[in-house]
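Undergrad: Can you keep this structure in mind? I'll have questions shortly.
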Amino acid sequence: MKKSTNTAYSTGLVMSFLLLAVFFTGCKEKEKEDEGLPLPVITLKEESAGKAFRYLGSVEGAEDVDIRPQVDGILEKIYVDEGDYVEKGQPLFKINQQPYMEDLKNAQANVELEKAKLRKAKTELDRLQPLIDNEVISEVQQKTAQADYEVAQSSLDRAQAQAANTRIKLNFTVIEAPVNGFIGRIPKSVGNVVKQTDSDPITVLSNVKEVFVYFSMSESDYLYYERMKKDSTSRRMSNKVKLILADGSTYNLEGNVDAASGQIDRFTGSISLRARFQNPDTLLRSGNTGKIVMEQIFPKAILIPQSATMSVQDKRFVYTLRDDNTAERHEVEIEGRSGHNYIVKGNTLKEGDRIVVSGINKITDGTKVKPIQQGRLLSNVSEKEK
């Protein structure tokens, strides 16, 4: 009898322990379920950010000069090669001079002839003067002789002008560099005929120690740019720009926007602007392309990852966390992009707010979230602040 009583007691004790174990296990599972869905969360803070505007641009030398012949003739010599750097005044091409030398000889001979005619007219005028003084001949003869002298003088002036013009043409047979720069493509070769009326130049000479990058922006962007240039707040937009080269690298010197077209293109709705860059190493050449980057700096911006947002029609939302770690859908306005982040406009979010950065498709308003921040779990606001 005593043995049965002990057995029953032992059995009851075991059952009690089992019930307690089940109870605590259930409590732990319930507590675990109450912690919510583990998702990565960030706490927002104010930081400096830049909003970039990018525009396609084309590079031109500060001085791009078409080299064209100023006289017609056969190209006799080419003193330079494509890509050569030349100094101002350096000979580039020579056109056959023989026809122009003969023209100059003829013009000089004509000058000598007119000089002789002038001397003859002067001699005749001097011969008649005593006769006029003694009233042997009339004043009409004197005036006729004076007119002949003046005609001879004018003829001499014209002959000298023609000779000077012929000499200029002869000098034009040697084409010199009007500026310092690099020689472009030379489509002509020795023996080709070159003319002033040719549609294409002999070559193009580019002075690229300083270059211009021409780009276009929309009318709305231009109005925004002009307003932000004059903005007195910290959101002011500078006229300093960067250049992204064709290989994706950033040019090592900044440029300045120094000119804008006088009118909006009525067909494209855009306006052309010009940025000036120094080019001491002549890395940039006429014909290069790239992207102009204009940046607006926000010294105190609220940034949110693009992955933390969702779009519903034309509105954008994030999920913020309340103090009890329940999710709340929150509408935000976007000012622009900075890298992979959005710049939040106005006061739609503030420093200290917590937002879910991924997995937002798994939650709705009121969903319990277990915040994961910087590799550790946060169960409440006070733990976040530790």
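The way I read the labels, and the way they are meant: chains A, B, ... in the order of the structure tokens, residue 1 as the first residue of every chain, and ligand 1 as the first ligand shown, with later ones counted on from there.
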Can you list, as a PyMOL selection string, all residues belonging to stretch 176-367 of chain A that DSSP tags as strand (DSSP E)?
TA: chain A and resi 176+181-183+193-194+203-218+237-245+255-260+270-278+289-305+310-312+315-321+327-332+334-338+341-344+354-356
Undergrad: Would you mind exporting C-alpha atoms of the selected residues as a compact mmCIF listing (two decimals), in the first residue's frame?
TA:
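The resulting file, result_12.txt, is shown below:
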```txt
# COMPACT_ATOMS: atom_id res chain seq x y z
CA GLU A 176 51.11 80.07 -91.57
CA GLY A 181 47.51 74.48 -81.46
CA PHE A 182 47.23 70.97 -82.83
CA ILE A 183 46.88 70.15 -86.51
CA VAL A 193 44.60 72.04 -106.42
CA VAL A 194 43.32 74.18 -103.57
CA THR A 203 42.93 71.40 -92.00
CA VAL A 204 41.67 72.65 -88.64
CA LEU A 205 44.02 74.10 -86.04
CA SER A 206 42.87 73.66 -82.45
CA ASN A 207 44.23 75.58 -79.50
CA VAL A 208 43.27 73.23 -76.63
CA LYS A 209 45.24 74.71 -73.72
CA GLU A 210 41.75 75.79 -72.74
CA VAL A 211 38.61 74.04 -73.98
CA PHE A 212 34.89 74.71 -74.10
CA VAL A 213 32.30 72.01 -73.41
CA TYR A 214 28.94 72.79 -74.95
CA PHE A 215 25.83 71.13 -73.50
CA SER A 216 22.08 71.63 -73.47
CA MET A 217 19.49 71.46 -70.71
CA SER A 218 15.72 71.65 -70.68
CA MET A 237 23.89 75.97 -56.81
CA SER A 238 27.44 76.71 -57.93
CA ASN A 239 28.49 77.36 -61.51
CA LYS A 240 31.41 74.94 -61.01
CA VAL A 241 31.00 71.70 -62.95
CA LYS A 242 32.78 68.39 -63.45
CA LEU A 243 33.38 66.47 -66.66
CA ILE A 244 32.91 62.70 -66.98
CA LEU A 245 35.03 61.44 -69.87
CA GLY A 255 35.23 73.88 -65.01
CA ASN A 256 32.99 76.91 -64.86
CA VAL A 257 29.77 77.61 -66.72
CA ASP A 258 30.55 80.98 -68.27
CA ALA A 259 28.02 81.47 -71.07
CA ALA A 260 24.49 80.57 -72.09
CA SER A 270 16.27 73.42 -74.59
CA ILE A 271 19.00 75.99 -74.12
CA SER A 272 22.72 75.64 -74.83
CA LEU A 273 25.35 76.46 -72.23
CA ARG A 274 29.13 76.53 -72.27
CA ALA A 275 31.59 75.36 -69.62
CA ARG A 276 35.24 76.40 -69.71
CA PHE A 277 38.00 73.98 -68.63
CA GLN A 278 41.75 74.46 -68.37
CA THR A 289 32.46 63.89 -75.81
CA GLY A 290 31.55 63.56 -72.16
CA LYS A 291 28.99 64.37 -69.50
CA ILE A 292 28.79 67.63 -67.63
CA VAL A 293 27.91 67.12 -63.96
CA MET A 294 26.36 70.03 -62.09
CA GLU A 295 25.93 69.47 -58.37
CA GLN A 296 23.68 71.08 -55.80
CA ILE A 297 24.88 70.60 -52.22
CA PHE A 298 22.49 69.98 -49.32
CA PRO A 299 24.54 70.36 -46.10
CA LYS A 300 21.72 69.06 -43.88
CA ALA A 301 19.79 66.46 -45.82
CA ILE A 302 17.80 63.40 -44.81
CA LEU A 303 18.83 60.46 -47.01
CA ILE A 304 16.92 57.22 -47.47
CA PRO A 305 17.97 54.19 -49.55
CA MET A 310 7.67 51.80 -52.63
CA SER A 311 5.56 53.59 -55.26
CA VAL A 312 1.80 53.67 -55.36
CA LYS A 315 3.24 58.75 -54.61
CA ARG A 316 6.19 57.27 -52.76
CA PHE A 317 6.08 55.60 -49.34
CA VAL A 318 8.37 54.15 -46.68
CA TYR A 319 7.65 52.12 -43.57
CA THR A 320 8.61 53.86 -40.35
CA LEU A 321 8.64 52.19 -36.94
CA ALA A 327 5.27 49.43 -38.92
CA GLU A 328 3.49 52.49 -40.28
CA ARG A 329 3.29 53.38 -43.96
CA HIS A 330 4.52 56.94 -44.41
CA GLU A 331 4.34 59.12 -47.54
CA VAL A 332 7.53 60.98 -48.46
CA ILE A 334 11.69 63.26 -52.95
CA GLU A 335 13.97 66.23 -53.69
CA GLY A 336 16.43 64.29 -55.85
CA ARG A 337 19.01 61.52 -55.84
CA SER A 338 22.42 61.31 -54.23
CA ASN A 341 19.89 57.32 -51.96
CA TYR A 342 16.95 59.67 -52.22
CA ILE A 343 17.08 63.16 -50.73
CA VAL A 344 13.88 63.70 -48.74
CA ARG A 354 13.52 54.72 -38.02
CA ILE A 355 12.66 53.17 -41.37
CA VAL A 356 12.66 49.61 -42.72
```
Undergrad: As a short mmCIF file (atom, residue, chain, number, x, y, z; two decimals) with N, CA, C and O atoms, in the first residue's frame, please: the residues near A:Gly191 (cut-off 7 Å, only C-alpha atoms, same-chain neighbours under 3 positions excluded).
TA:
```cif
data_model
loop_
_atom_site.label_atom_id
_atom_site.label_comp_id
_atom_site.auth_asym_id
_atom_site.auth_seq_id
_atom_site.Cartn_x
_atom_site.Cartn_y
_atom_site.Cartn_z
N ILE A 74 48.24 75.15 -106.90
CA ILE A 74 48.62 73.77 -106.65
C ILE A 74 49.39 73.68 -105.34
O ILE A 74 50.32 74.45 -105.09
N LEU A 75 48.96 72.75 -104.48
CA LEU A 75 49.62 72.56 -103.19
C LEU A 75 51.01 71.97 -103.44
O LEU A 75 51.14 70.85 -103.95
N GLU A 76 52.04 72.73 -103.11
CA GLU A 76 53.41 72.34 -103.43
C GLU A 76 54.14 71.66 -102.28
O GLU A 76 54.89 70.71 -102.47
#
```
Undergrad: Please compute the atom CA of A:Ser220-atom CA of A:Lys350 distance, one decimal, in Å.
TA: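 Rounded to one decimal, the two atoms are 28.7 Å apart.
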Undergrad: Need to verify the contact set: A:Gly352, 12 Å, only C-alpha atoms, exclusion of same-chain residues closer than 3 positions in sequence. Can you return it as a list in words?
TA: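 Surrounding residues, per the criterion: Val41, Ile42, Thr43, Leu44, Lys45, Glu46, Ile302, Leu303, Thr320, Leu321, Arg322, Asp323, Leu349, Ile355, Val381, Lys384 and Glu385 of chain A.
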Undergrad: Hey, can you check how far atom CA of A:Tyr55 sits from atom CA of A:Thr309?
TA: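 Going from atom CA of A:Tyr55 over to atom CA of A:Thr309, I get 26.6 Å.
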